[in-house]
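Printed here is coords18.txt (compact mmCIF, C-alpha atoms and all ligand atoms):
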# COMPACT_ATOMS: atom_id res chain seq x y z
CA MET Z 200 -9.73 -25.71 3.19
CA PRO Z 201 -9.59 -24.41 -0.37
CA SER Z 202 -13.00 -24.01 -1.99
CA GLU Z 203 -13.84 -26.07 -5.06
CA LEU Z 204 -16.04 -23.24 -6.34
CA THR Z 205 -14.65 -20.86 -8.92
CA LEU Z 206 -14.68 -17.18 -8.08
CA GLY Z 207 -17.56 -16.65 -10.54
CA GLU Z 208 -19.62 -19.42 -8.89
CA SER Z 209 -18.94 -17.97 -5.45
CA LEU Z 210 -19.97 -14.49 -6.55
CA ALA Z 211 -23.14 -15.82 -8.20
CA ALA Z 212 -24.00 -17.69 -4.99
CA ARG Z 213 -23.71 -14.35 -3.15
CA GLY Z 214 -26.04 -12.65 -5.60
CA VAL Z 215 -23.38 -10.50 -7.33
CA SER Z 216 -24.59 -9.81 -10.87
CA ARG Z 217 -22.37 -10.19 -13.93
CA ARG Z 218 -22.93 -6.50 -14.64
CA ALA Z 219 -21.63 -5.51 -11.19
CA PHE Z 220 -18.67 -7.85 -11.59
CA LEU Z 221 -17.83 -6.37 -15.01
CA LYS Z 222 -18.00 -2.88 -13.52
CA PHE Z 223 -15.61 -3.95 -10.77
CA CYS Z 224 -13.18 -5.42 -13.33
CA ALA Z 225 -13.35 -2.20 -15.37
CA SER Z 226 -12.47 -0.15 -12.27
CA ILE Z 227 -9.56 -2.47 -11.42
CA ALA Z 228 -8.30 -2.31 -15.02
CA SER Z 229 -8.55 1.47 -14.95
CA ALA Z 230 -6.79 1.73 -11.57
CA MET Z 231 -3.97 -0.43 -12.89
CA ALA Z 232 -3.69 1.64 -16.08
CA LEU Z 233 -4.71 -1.32 -18.26
CA PRO Z 234 -6.71 -0.56 -21.42
CA PRO Z 235 -10.53 -0.65 -20.97
CA SER Z 236 -10.71 -3.52 -23.49
CA VAL Z 237 -8.99 -5.74 -20.90
CA ALA Z 238 -11.99 -5.61 -18.50
CA PRO Z 239 -14.19 -8.31 -20.16
CA ALA Z 240 -11.22 -10.68 -20.53
CA MET Z 241 -10.28 -9.95 -16.93
CA ALA Z 242 -13.84 -10.71 -15.78
CA GLU Z 243 -13.84 -13.97 -17.71
CA ALA Z 244 -10.45 -15.10 -16.40
CA MET Z 245 -11.27 -14.15 -12.81
CA ALA Z 246 -14.70 -15.80 -12.93
CA LYS Z 247 -13.09 -19.10 -13.96
CA ALA Z 248 -10.29 -18.91 -11.40
CA LYS Z 249 -10.28 -20.98 -8.25
CA ARG Z 250 -10.10 -18.86 -5.14
CA PRO Z 251 -6.42 -18.60 -4.25
CA SER Z 252 -5.36 -19.94 -0.89
CA VAL Z 253 -4.09 -17.13 1.28
CA ILE Z 254 -2.07 -17.36 4.48
CA TYR Z 255 -1.93 -14.03 6.31
CA LEU Z 256 0.77 -13.56 8.98
CA SER Z 257 0.97 -10.58 11.33
CA PHE Z 258 4.21 -9.70 13.13
CA GLN Z 259 5.27 -6.39 14.75
CA GLU Z 260 2.20 -4.41 13.75
CA CYS Z 261 -0.68 -2.38 15.12
CA THR Z 262 -3.50 -4.18 13.24
CA GLY Z 263 -4.08 -1.01 11.21
CA CYS Z 264 -3.27 -2.82 7.97
CA LEU Z 265 -5.85 -5.54 8.63
CA GLU Z 266 -8.35 -2.89 9.71
CA SER Z 267 -7.83 -1.10 6.39
CA LEU Z 268 -8.45 -4.34 4.53
CA THR Z 269 -11.49 -5.54 6.42
CA ARG Z 270 -13.22 -2.41 7.70
CA ALA Z 271 -14.91 -1.21 4.56
CA HIS Z 272 -17.21 1.72 5.11
CA GLN Z 273 -19.91 -0.34 3.51
CA ALA Z 274 -19.92 -3.74 1.86
CA SER Z 275 -18.20 -3.21 -1.48
CA LEU Z 276 -17.37 -5.55 -4.29
CA GLU Z 277 -13.69 -5.16 -3.49
CA THR Z 278 -14.19 -6.44 0.03
CA LEU Z 279 -16.48 -9.16 -1.26
CA ILE Z 280 -13.78 -10.27 -3.67
CA PHE Z 281 -11.25 -10.25 -0.87
CA ASP Z 282 -13.65 -12.27 1.29
CA LEU Z 283 -13.68 -14.80 -1.48
CA VAL Z 284 -10.05 -15.67 -1.43
CA SER Z 285 -9.65 -18.83 0.58
CA LEU Z 286 -8.19 -17.36 3.77
CA GLU Z 287 -6.53 -20.31 5.47
CA TYR Z 288 -4.89 -18.57 8.42
CA GLN Z 289 -5.09 -15.10 9.97
CA HIS Z 290 -4.57 -15.23 13.70
CA THR Z 291 -6.53 -12.06 14.56
CA ILE Z 292 -9.79 -12.99 12.86
CA MET Z 293 -9.74 -16.81 12.55
CA ALA Z 294 -12.02 -18.94 14.72
CA PRO Z 295 -9.51 -21.56 15.99
CA SER Z 296 -7.08 -20.60 18.75
CA GLY Z 297 -4.08 -22.12 20.52
CA GLU Z 298 -2.87 -25.48 19.19
CA ALA Z 299 -5.80 -25.75 16.77
CA ALA Z 300 -4.73 -22.47 15.15
CA GLU Z 301 -1.15 -23.68 14.74
CA ARG Z 302 -2.39 -26.97 13.26
CA SER Z 303 -4.42 -24.89 10.77
CA LEU Z 304 -1.30 -23.04 9.68
CA HIS Z 305 0.78 -26.16 9.16
CA GLN Z 306 -2.10 -27.93 7.42
CA ALA Z 307 -2.60 -24.94 5.10
CA ILE Z 308 1.11 -24.89 4.23
CA GLU Z 309 1.15 -28.62 3.44
CA GLU Z 310 -2.09 -28.71 1.44
CA ASN Z 311 -1.26 -25.67 -0.68
CA ARG Z 312 2.51 -25.91 -0.93
CA GLY Z 313 3.85 -23.89 -3.86
CA LYS Z 314 0.44 -22.34 -4.59
CA TYR Z 315 -0.60 -20.07 -1.77
CA VAL Z 316 -0.27 -16.31 -1.61
CA LEU Z 317 1.39 -15.22 1.61
CA ILE Z 318 0.30 -11.84 2.96
CA VAL Z 319 2.43 -10.35 5.72
CA ASP Z 320 1.90 -7.24 7.80
CA GLY Z 321 4.32 -5.97 10.41
CA ALA Z 322 8.10 -5.97 10.67
CA ILE Z 323 10.18 -8.86 11.99
CA PRO Z 324 12.44 -8.36 15.06
CA LEU Z 325 15.88 -9.91 14.78
CA GLY Z 326 17.35 -8.36 17.96
CA ASP Z 327 16.13 -11.19 20.18
CA PRO Z 328 13.84 -14.07 19.17
CA GLY Z 329 11.85 -13.42 22.35
CA TYR Z 330 10.68 -10.03 21.05
CA GLY Z 331 8.12 -11.81 18.90
CA THR Z 332 6.99 -15.42 19.12
CA VAL Z 333 3.89 -17.47 18.42
CA ALA Z 334 3.60 -20.94 19.99
CA GLY Z 335 7.26 -20.72 21.00
CA GLN Z 336 8.49 -20.08 17.46
CA SER Z 337 10.16 -16.76 16.62
CA PHE Z 338 8.63 -14.43 14.04
CA ALA Z 339 11.77 -14.81 11.91
CA ASP Z 340 11.46 -18.62 11.86
CA ILE Z 341 7.73 -18.46 11.10
CA MET Z 342 8.45 -16.05 8.24
CA THR Z 343 11.17 -18.26 6.77
CA GLU Z 344 9.17 -21.48 7.08
CA THR Z 345 5.94 -20.05 5.65
CA ALA Z 346 7.71 -18.25 2.79
CA LYS Z 347 9.22 -21.53 1.54
CA GLY Z 348 5.90 -22.85 0.23
CA ALA Z 349 4.49 -19.55 -1.06
CA ALA Z 350 3.90 -18.77 -4.74
CA ALA Z 351 4.24 -15.06 -4.00
CA ILE Z 352 4.41 -12.75 -1.01
CA LEU Z 353 2.54 -9.49 -0.49
CA ALA Z 354 4.22 -7.35 2.16
CA VAL Z 355 1.36 -5.03 3.12
CA GLY Z 356 1.93 -1.83 5.02
CA THR Z 357 5.09 0.18 5.54
CA CYS Z 358 6.17 -2.04 8.47
CA ALA Z 359 6.32 -5.21 6.33
CA SER Z 360 7.58 -3.35 3.24
CA PHE Z 361 10.31 -1.19 4.77
CA GLY Z 362 10.38 -1.77 8.56
CA GLY Z 363 8.04 1.14 9.35
CA LEU Z 364 7.43 2.28 12.91
CA PRO Z 365 9.11 -0.72 14.62
CA LYS Z 366 12.32 0.06 12.69
CA ALA Z 367 12.27 3.77 13.60
CA ASP Z 368 15.42 5.05 15.28
CA PRO Z 369 16.79 3.59 17.56
CA ASN Z 370 15.09 0.40 16.34
CA PRO Z 371 15.21 -1.27 19.76
CA THR Z 372 14.09 -4.71 18.54
CA GLY Z 373 16.27 -4.91 15.42
CA ALA Z 374 13.16 -4.81 13.22
CA VAL Z 375 13.56 -5.62 9.52
CA PRO Z 376 11.16 -5.79 6.55
CA VAL Z 377 10.11 -9.05 4.84
CA SER Z 378 12.62 -8.53 2.01
CA HIS Z 379 15.48 -8.63 4.52
CA ILE Z 380 14.63 -12.24 5.36
CA VAL Z 381 13.17 -13.69 2.16
CA LYS Z 382 15.48 -13.53 -0.85
CA ASP Z 383 14.20 -16.25 -3.16
CA LYS Z 384 10.49 -15.46 -3.67
CA PRO Z 385 8.66 -12.75 -5.59
CA ILE Z 386 7.72 -10.03 -3.10
CA VAL Z 387 5.28 -7.21 -3.79
CA ASN Z 388 5.58 -4.29 -1.38
CA ILE Z 389 2.31 -2.43 -0.79
CA PRO Z 390 3.43 0.30 1.63
CA GLY Z 391 1.26 2.79 3.45
CA CYS Z 392 0.46 3.22 7.11
CA PRO Z 393 -1.96 1.65 6.51
CA PRO Z 394 -2.06 0.73 2.80
CA ILE Z 395 -5.09 1.35 0.59
CA ALA Z 396 -7.34 -1.73 0.49
CA VAL Z 397 -8.14 -1.50 -3.21
CA VAL Z 398 -4.42 -1.65 -4.04
CA MET Z 399 -4.15 -4.97 -2.23
CA THR Z 400 -7.33 -6.24 -3.92
CA SER Z 401 -6.04 -5.17 -7.34
CA VAL Z 402 -2.77 -7.07 -6.91
CA VAL Z 403 -4.73 -10.22 -6.02
CA ALA Z 404 -7.08 -9.60 -8.99
CA HIS Z 405 -4.09 -9.22 -11.32
CA PHE Z 406 -2.59 -12.45 -10.02
CA LEU Z 407 -5.89 -14.26 -10.58
CA THR Z 408 -6.35 -12.86 -14.08
CA PHE Z 409 -2.89 -13.14 -15.56
CA GLY Z 410 -1.29 -15.75 -13.31
CA LYS Z 411 1.56 -13.37 -12.51
CA LEU Z 412 2.28 -10.30 -10.43
CA PRO Z 413 1.91 -6.78 -11.85
CA ASP Z 414 4.87 -4.68 -12.98
CA LEU Z 415 6.90 -3.47 -10.01
CA ASP Z 416 9.23 -0.52 -9.49
CA HIS Z 417 12.72 -0.52 -7.97
CA LEU Z 418 11.22 -0.84 -4.46
CA ASN Z 419 8.97 -3.74 -5.56
CA ARG Z 420 5.84 -1.59 -5.45
CA PRO Z 421 3.13 -2.02 -8.14
CA LYS Z 422 3.94 0.69 -10.70
CA ALA Z 423 0.24 1.25 -11.42
CA PHE Z 424 -0.31 2.63 -7.91
CA PHE Z 425 3.13 3.91 -6.94
CA GLY Z 426 4.31 5.38 -10.26
CA ASP Z 427 3.42 8.97 -9.35
CA THR Z 428 3.91 11.10 -6.27
CA ILE Z 429 0.97 12.44 -4.27
CA HIS Z 430 2.12 15.87 -5.52
CA ASP Z 431 1.88 14.75 -9.17
CA ARG Z 432 -1.85 14.10 -8.73
CA CYS Z 433 -2.80 16.49 -5.93
CA TYR Z 434 -5.82 18.71 -6.56
CA ARG Z 435 -4.00 21.52 -4.66
CA ARG Z 436 -1.17 21.43 -7.19
CA PRO Z 437 -2.36 24.51 -9.11
CA PHE Z 438 -1.87 26.55 -5.90
CA TYR Z 439 1.65 25.15 -5.50
CA ASP Z 440 2.42 26.14 -9.07
CA GLN Z 441 1.09 29.65 -8.41
CA GLY Z 442 3.14 29.94 -5.20
CA LYS Z 443 0.03 30.09 -2.98
CA PHE Z 444 0.83 28.40 0.32
CA ALA Z 445 -1.22 28.18 3.54
CA LYS Z 446 0.90 29.46 6.46
CA THR Z 447 -1.24 28.00 9.23
CA PHE Z 448 -3.95 25.34 9.26
CA ASP Z 449 -6.69 27.93 9.71
CA ASP Z 450 -5.58 31.00 7.81
CA ALA Z 451 -7.40 32.46 4.80
CA GLY Z 452 -5.19 30.46 2.42
CA ALA Z 453 -5.97 27.20 4.17
CA ARG Z 454 -9.68 27.98 3.97
CA GLN Z 455 -9.32 28.51 0.23
CA GLY Z 456 -7.58 25.16 -0.19
CA TRP Z 457 -4.08 26.49 -0.86
CA CYS Z 458 -1.05 24.20 -0.96
CA LEU Z 459 0.14 22.71 2.37
CA TYR Z 460 3.84 22.52 1.41
CA GLU Z 461 4.93 25.11 3.99
CA LEU Z 462 2.97 23.25 6.68
CA GLY Z 463 5.12 20.20 6.13
CA CYS Z 464 3.38 18.30 3.33
CA LYS Z 465 5.60 15.46 2.07
CA GLY Z 466 3.52 14.87 -1.06
CA PRO Z 467 6.35 15.91 -3.41
CA VAL Z 468 8.53 12.97 -2.28
CA THR Z 469 5.83 10.40 -1.52
CA TYR Z 470 4.76 7.74 -3.98
CA ASN Z 471 1.22 6.46 -3.38
CA ALA Z 472 -2.23 6.50 -4.97
CA CYS Z 473 -4.07 8.47 -2.26
CA ALA Z 474 -4.73 11.50 -4.47
CA THR Z 475 -6.50 9.37 -7.11
CA VAL Z 476 -7.89 6.27 -5.35
CA LYS Z 477 -8.49 8.10 -2.04
CA TRP Z 478 -9.85 6.50 1.14
CA ASN Z 479 -13.18 5.38 2.56
CA GLY Z 480 -14.66 4.44 -0.77
CA GLY Z 481 -13.13 7.44 -2.56
CA VAL Z 482 -14.45 10.04 -0.08
CA SER Z 483 -11.22 11.87 0.79
CA PHE Z 484 -7.52 11.60 1.61
CA PRO Z 485 -5.32 13.38 4.18
CA ILE Z 486 -4.62 16.49 2.07
CA GLU Z 487 -8.28 16.86 1.12
CA SER Z 488 -9.08 16.68 4.84
CA GLY Z 489 -6.75 19.64 5.48
CA HIS Z 490 -3.54 17.93 6.67
CA GLY Z 491 -0.32 17.55 4.72
CA CYS Z 492 0.87 14.13 3.61
CA ILE Z 493 3.32 12.74 6.19
CA GLY Z 494 4.94 10.39 3.67
CA CYS Z 495 3.57 7.27 5.34
CA SER Z 496 4.30 4.99 2.38
CA GLU Z 497 7.98 5.90 2.10
CA PRO Z 498 10.91 4.08 3.73
CA ASP Z 499 11.99 5.53 7.10
CA PHE Z 500 9.29 8.21 7.08
CA TRP Z 501 9.35 8.38 10.90
CA ASP Z 502 13.01 9.38 10.91
CA ARG Z 503 12.92 12.08 8.25
CA GLY Z 504 12.18 15.03 10.50
CA SER Z 505 9.06 16.76 11.72
CA PHE Z 506 5.77 16.13 9.97
CA TYR Z 507 5.06 19.85 10.36
CA GLN Z 508 8.23 21.42 8.98
CA PRO Z 509 8.72 22.02 5.26
CA LEU Z 510 10.62 19.15 3.70
CA PRO Z 511 13.86 18.68 5.68
CA MET Z 512 16.12 18.82 2.71
CA SER Z 513 19.17 17.17 4.20
CA LEU Z 514 17.10 14.14 5.20
CA TRP Z 515 15.21 13.70 1.96
CA THR Z 516 16.83 13.57 -1.45
CA ASN Z 517 18.12 16.17 -3.89
CA ARG Z 518 14.69 15.83 -5.37
CA GLY Z 519 13.31 17.63 -2.33
CA LYS Z 520 15.95 20.36 -2.56
CA THR Z 521 15.04 21.16 -6.12
CA LEU Z 522 11.35 21.13 -5.29
CA ALA Z 523 11.92 23.56 -2.42
CA ALA Z 524 13.77 25.87 -4.76
CA ALA Z 525 10.92 25.60 -7.23
CA ALA Z 526 8.41 26.41 -4.49
CA ALA Z 527 10.38 29.47 -3.35
CA ALA Z 528 10.67 30.65 -6.93
CA GLY Z 529 6.97 30.10 -7.44
CA ALA Z 530 6.17 32.21 -4.39
CA ALA Z 531 8.45 34.97 -5.58
CA ILE Z 532 7.77 35.36 -9.24
CA GLY Z 533 4.43 33.71 -9.84
CA ALA Z 534 3.44 32.25 -13.16
CA GLY Z 535 6.88 32.16 -14.77
CA ALA Z 536 8.24 30.15 -11.89
CA ALA Z 537 5.21 27.88 -12.11
CA ILE Z 538 6.27 26.75 -15.55
CA ALA Z 539 9.85 26.23 -14.35
CA SER Z 540 8.52 24.26 -11.41
CA ARG Z 541 6.54 21.97 -13.69
CA MET Z 542 9.58 21.42 -15.90
CA ARG Z 543 11.78 20.63 -12.91
CA GLN Z 544 9.19 18.29 -11.53
CA ARG Z 545 8.95 16.42 -14.82
CA LYS Z 546 12.73 16.18 -15.03
CA LEU Z 547 12.94 14.86 -11.45
CA VAL Z 548 10.36 12.19 -12.17
CA GLU Z 549 12.28 11.13 -15.25
CA GLU Z 550 15.55 11.02 -13.27
CA LYS Z 551 14.12 8.91 -10.42
FE1 LIG G 601 0.21 -0.38 11.73
FE2 LIG G 601 1.12 1.27 9.88
FE3 LIG G 601 2.57 -0.85 10.51
FE4 LIG G 601 0.26 -1.18 9.17
S1 LIG G 601 2.10 -0.14 8.41
S2 LIG G 601 0.96 -2.37 10.95
S3 LIG G 601 -0.98 0.50 10.00
S4 LIG G 601 2.08 0.87 11.92
FE1 LIG G 602 -0.58 18.88 -2.66
FE2 LIG G 602 1.27 18.77 -0.79
FE3 LIG G 602 2.00 19.06 -3.33
FE4 LIG G 602 0.87 21.05 -2.01
S1 LIG G 602 2.87 20.13 -1.58
S2 LIG G 602 0.36 20.35 -4.07
S3 LIG G 602 -0.62 20.00 -0.70
S4 LIG G 602 0.98 17.30 -2.45
FE1 LIG G 603 -0.04 8.41 3.77
FE2 LIG G 603 0.40 10.64 2.45
FE3 LIG G 603 -1.43 8.99 1.62
S1 LIG G 603 0.31 10.38 4.67
S2 LIG G 603 -2.24 8.07 3.49
S3 LIG G 603 0.78 8.59 1.70
S4 LIG G 603 -1.54 11.19 1.55
Show the structure stored in the file as structure tokens.
Ligand code: SF4
Ligand code: SF4
Ligand code: F3S
Amino acid sequence: MPSELTLGESLAARGVSRRAFLKFCASIASAMALPPSVAPAMAEAMAKAKRPSVIYLSFQECTGCLESLTRAHQASLETLIFDLVSLEYQHTIMAPSGEAAERSLHQAIEENRGKYVLIVDGAIPLGDPGYGTVAGQSFADIMTETAKGAAAILAVGTCASFGGLPKADPNPTGAVPVSHIVKDKPIVNIPGCPPIAVVMTSVVAHFLTFGKLPDLDHLNRPKAFFGDTIHDRCYRRPFYDQGKFAKTFDDAGARQGWCLYELGCKGPVTYNACATVKWNGGVSFPIESGHGCIGCSEPDFWDRGSFYQPLPMSLWTNRGKTLAAAAAAGAAIGAGAAIASRMRQRKLVEEK
């Protein structure tokens, strides 16, 4: 049932101080590239807001997205805020089961029609209704029925956003993303395998503060988090620009933190916030841990060649081709090529 408490009252009841809440709002505003002056107004608007009703559906998925959202390294204000949405239905973590669970879903739809936020993880199989059913109803029908009453839909994870692993060639179940089925509702795609929890929290915070969704790009991703590539923000970028590339995962270059491009890093063609927001409370991200980015937030990343080969140019875009040329030039002629590389990179971003 939706809570009658405002978010501010709920936080106060949990002992969260106004100072801590303001700090949280400042970090959200900063992450979303909003001016710092927005933070107090954001805190005020969020504190007065009723907790939004959220229905969370899981389809063809591995539960990694939900793990990312709920398994905080330690209790953080972000997870506390997410706890304080009114979660009406999530079949993995809810207490009711069987018919009681299905009654909960239908009751939540009726009581919050037109107002609830629908979060979806996983792809939807269209090949045969039997590939995915709950209580005898196909995933596709559940998706369609639940979307009708939603105010907005968050497709979290690469599976829900773009089809992800279930849609990988040869796509045996006919898996499709949420946007293939729902055409008449605002959809925010938050890709990543899994996605970063604070990105999901920020989208909910934006919705609570401004009563609307944040600015989205051409793939319906929040621009604030998906406006730059991993490569644009990578701390190894100076080595790329100098043409210094690790050749194996344990050579001298790798030990000095050189660029992982030649070991297959897909950072130059991957849009996500990992290099700035990072994971596990800002501790690290794949490249900082010594492994190249595998492009997990991009459409069809499973089908774009080996994770360990340099960008397979024919399978990525011309963008990748130009970047490879820039990398080769950087390796060959050093600093001069570094400048050219930067200019090409900037031009490619502008062209995208
Ligand atoms: Fe699992 Fe990745 Fe799909 Fe999320 S996006 S359900 S983590 S396979
Ligand atoms: Fe970082 Fe990868 Fe770009 Fe190298 S290629 S700078 S490791 S994102
Ligand atoms: Fe995925 Fe690349 Fe980030 S692999 S987790 S988008 S660094």
Minimum-distance residue to Thr262 (chain Z), chosen among Z:Glu298, Z:Asp450, Z:Asp320, Z:Glu243 (using all atoms listed in the file): Z:Asp320
Contacts of Asp327 (chain Z) at 12 Å or less, counting only C-alpha atoms, minus same-chain residues fewer than 6 places along, as a count of residues only? 7
Find the spatial neighbours of Ser209 (chain Z), counting only C-alpha atoms, within a cut-off of 9 Å - ignore same-chain residues fewer than 4 positions away - and output them as a ChimeraX atom specification. /Z:204-205,213-215,246,250,283
8 Å from ligand LIG 602 (chain G) is the threshold here; counting all atoms listed in the file, which polymer residues fall inside it? Answer as a ChimeraX atom specification. /Z:428-440,444,457-461,464-467,486,491-492
Compute the set of protein, DNA and RNA residues whose minimum atom distance to ligand LIG 601 (chain G) is at most 8 Å, using only C-alpha atoms and all ligand atoms, and state it as a VMD selection string. chain Z and resid 259 to 265 267 320 to 322 355 to 359 363 to 365 390 to 394 495
Now that the selection is made, can you save its residues with C-alpha atoms as a PDB file, keeping the file's coordinate frame?
ATOM      1  CA  GLN Z 259       5.270  -6.390  14.750  1.00  0.00           C
ATOM      2  CA  GLU Z 260       2.200  -4.410  13.750  1.00  0.00           C
ATOM      3  CA  CYS Z 261      -0.680  -2.380  15.120  1.00  0.00           C
ATOM      4  CA  THR Z 262      -3.500  -4.180  13.240  1.00  0.00           C
ATOM      5  CA  GLY Z 263      -4.080  -1.010  11.210  1.00  0.00           C
ATOM      6  CA  CYS Z 264      -3.270  -2.820   7.970  1.00  0.00           C
ATOM      7  CA  LEU Z 265      -5.850  -5.540   8.630  1.00  0.00           C
ATOM      8  CA  SER Z 267      -7.830  -1.100   6.390  1.00  0.00           C
ATOM      9  CA  ASP Z 320       1.900  -7.240   7.800  1.00  0.00           C
ATOM     10  CA  GLY Z 321       4.320  -5.970  10.410  1.00  0.00           C
ATOM     11  CA  ALA Z 322       8.100  -5.970  10.670  1.00  0.00           C
ATOM     12  CA  VAL Z 355       1.360  -5.030   3.120  1.00  0.00           C
ATOM     13  CA  GLY Z 356       1.930  -1.830   5.020  1.00  0.00           C
ATOM     14  CA  THR Z 357       5.090   0.180   5.540  1.00  0.00           C
ATOM     15  CA  CYS Z 358       6.170  -2.040   8.470  1.00  0.00           C
ATOM     16  CA  ALA Z 359       6.320  -5.210   6.330  1.00  0.00           C
ATOM     17  CA  GLY Z 363       8.040   1.140   9.350  1.00  0.00           C
ATOM     18  CA  LEU Z 364       7.430   2.280  12.910  1.00  0.00           C
ATOM     19  CA  PRO Z 365       9.110  -0.720  14.620  1.00  0.00           C
ATOM     20  CA  PRO Z 390       3.430   0.300   1.630  1.00  0.00           C
ATOM     21  CA  GLY Z 391       1.260   2.790   3.450  1.00  0.00           C
ATOM     22  CA  CYS Z 392       0.460   3.220   7.110  1.00  0.00           C
ATOM     23  CA  PRO Z 393      -1.960   1.650   6.510  1.00  0.00           C
ATOM     24  CA  PRO Z 394      -2.060   0.730   2.800  1.00  0.00           C
ATOM     25  CA  CYS Z 495       3.570   7.270   5.340  1.00  0.00           C
TER      26      CYS Z 495
END
Using CA of Leu233 (chain Z) and atom FE2 of ligand LIG 603 (chain G) as the two end points, give the distance in Å to one decimal. 24.5 Å
If I wrap all listed atoms of ligand LIG 603 (chain G) in a box with edges along x, y and z and add 8 Å on each side, what are its centre and edge lengths in Å to one decimal, as lines of an AutoDock Vina configuration file?
center_x = -0.7
center_y = 9.6
center_z = 3.1
size_x = 19.0
size_y = 19.1
size_z = 19.1
In Å, how far is it from atom S4 of ligand LIG 603 (chain G) to CA of Val476 (chain Z)?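 About the pair atom S4 of ligand LIG 603 (chain G) and CA of Val476 (chain Z): they are 10.6 Å apart.
Of the listed residues Z:Leu462, Z:Ile395, Z:Val403, Z:Ala445, the one whose atoms come nearest to ligand LIG 603 (chain G) is Z:Ile395, with distances taken using only C-alpha atoms and all ligand atoms.
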Suppose you want the space between CA of His490 (chain Z) and atom S3 of ligand LIG 603 (chain G); what is it in Å?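 Atom-to-atom, CA of His490 (chain Z) and atom S3 of ligand LIG 603 (chain G) are spaced 11.4 Å apart.
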Which one of Z:Thr291, Z:Ser378, Z:Thr345, Z:Ser226 sits closest to Val398 (chain Z) if you count all atoms listed in the file?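 Going through Z:Thr291, Z:Ser378, Z:Thr345, Z:Ser226 one by one, the smallest distance to Val398 (chain Z) is for Z:Ser226.
Using all atoms listed in the file, the smallest distance between any of Z:Asn479, Z:Gln508, Z:Pro234, Z:Lys366 and Thr269 (chain Z) comes from Z:Asn479.
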Selection near region 222-224 of chain Z, 8 Å with only C-alpha atoms, sequence-local residues under 2 positions removed, as a list of chain:residue names: Z:Arg218, Z:Ala219, Z:Phe220, Z:Ser226, Z:Ile227, Z:Ala228, Z:Ala238, Z:Pro239, Z:Met241, Z:Ala242, Z:Leu276, Z:Glu277
Got time to write the residues from that selection, C-alpha atoms, as a PDB file, in the frame of the given file?
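Output (again.pdb):
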ATOM      1  CA  ARG Z 218     -22.930  -6.500 -14.640  1.00  0.00           C
ATOM      2  CA  ALA Z 219     -21.630  -5.510 -11.190  1.00  0.00           C
ATOM      3  CA  PHE Z 220     -18.670  -7.850 -11.590  1.00  0.00           C
ATOM      4  CA  SER Z 226     -12.470  -0.150 -12.270  1.00  0.00           C
ATOM      5  CA  ILE Z 227      -9.560  -2.470 -11.420  1.00  0.00           C
ATOM      6  CA  ALA Z 228      -8.300  -2.310 -15.020  1.00  0.00           C
ATOM      7  CA  ALA Z 238     -11.990  -5.610 -18.500  1.00  0.00           C
ATOM      8  CA  PRO Z 239     -14.190  -8.310 -20.160  1.00  0.00           C
ATOM      9  CA  MET Z 241     -10.280  -9.950 -16.930  1.00  0.00           C
ATOM     10  CA  ALA Z 242     -13.840 -10.710 -15.780  1.00  0.00           C
ATOM     11  CA  LEU Z 276     -17.370  -5.550  -4.290  1.00  0.00           C
ATOM     12  CA  GLU Z 277     -13.690  -5.160  -3.490  1.00  0.00           C
TER      13      GLU Z 277
END
Choose the residue, out of Z:Ala211, Z:Ala334, Z:Cys473, Z:Leu286, that has the smallest atom-to-atom separation from ligand LIG 603 (chain G); count all atoms listed in the file.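 When distances to ligand LIG 603 (chain G) are compared using all atoms listed in the file, the smallest one comes from Z:Cys473.
For the residues Z:Glu487, Z:Asn471, Z:Pro235, Z:Gly480, ranking by smallest atom-to-atom distance to ligand LIG 603 (chain G) using all atoms listed in the file places Z:Asn471 first.
Residues with any atom within 9 Å of Met245 (chain Z), counting all atoms listed in the file and excluding same-chain neighbours fewer than 3 positions away, are Thr205, Leu206, Gly207, Cys224, Ala240, Met241, Ala242, Ala248, Lys249, Ala404, His405, Leu407, Thr408 and Phe409 of chain Z.
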Using the incomplete input, complete region 487-494 of chain Z to the level of N, CA and C atoms; output as a PDB file, in the coordinates of the input.
ATOM      1  N   GLU Z 487      -6.922  16.333   1.350  1.00  0.00           N
ATOM      2  CA  GLU Z 487      -8.280  16.860   1.120  1.00  0.00           C
ATOM      3  C   GLU Z 487      -8.970  17.153   2.456  1.00  0.00           C
ATOM      4  N   SER Z 488      -8.508  16.452   3.510  1.00  0.00           N
ATOM      5  CA  SER Z 488      -9.080  16.680   4.840  1.00  0.00           C
ATOM      6  C   SER Z 488      -8.352  17.811   5.574  1.00  0.00           C
ATOM      7  N   GLY Z 489      -7.363  18.440   4.910  1.00  0.00           N
ATOM      8  CA  GLY Z 489      -6.750  19.640   5.480  1.00  0.00           C
ATOM      9  C   GLY Z 489      -5.403  19.423   6.138  1.00  0.00           C
ATOM     10  N   HIS Z 490      -4.841  18.213   6.047  1.00  0.00           N
ATOM     11  CA  HIS Z 490      -3.540  17.930   6.670  1.00  0.00           C
ATOM     12  C   HIS Z 490      -2.552  17.523   5.587  1.00  0.00           C
ATOM     13  N   GLY Z 491      -1.316  17.952   5.710  1.00  0.00           N
ATOM     14  CA  GLY Z 491      -0.320  17.550   4.720  1.00  0.00           C
ATOM     15  C   GLY Z 491      -0.086  16.046   4.762  1.00  0.00           C
ATOM     16  N   CYS Z 492       0.433  15.535   3.648  1.00  0.00           N
ATOM     17  CA  CYS Z 492       0.870  14.130   3.610  1.00  0.00           C
ATOM     18  C   CYS Z 492       2.087  13.999   4.517  1.00  0.00           C
ATOM     19  N   ILE Z 493       2.146  12.945   5.322  1.00  0.00           N
ATOM     20  CA  ILE Z 493       3.320  12.740   6.190  1.00  0.00           C
ATOM     21  C   ILE Z 493       4.297  11.724   5.574  1.00  0.00           C
ATOM     22  N   GLY Z 494       4.017  11.307   4.357  1.00  0.00           N
ATOM     23  CA  GLY Z 494       4.940  10.390   3.670  1.00  0.00           C
ATOM     24  C   GLY Z 494       4.866   8.972   4.174  1.00  0.00           C
TER      25      GLY Z 494
END
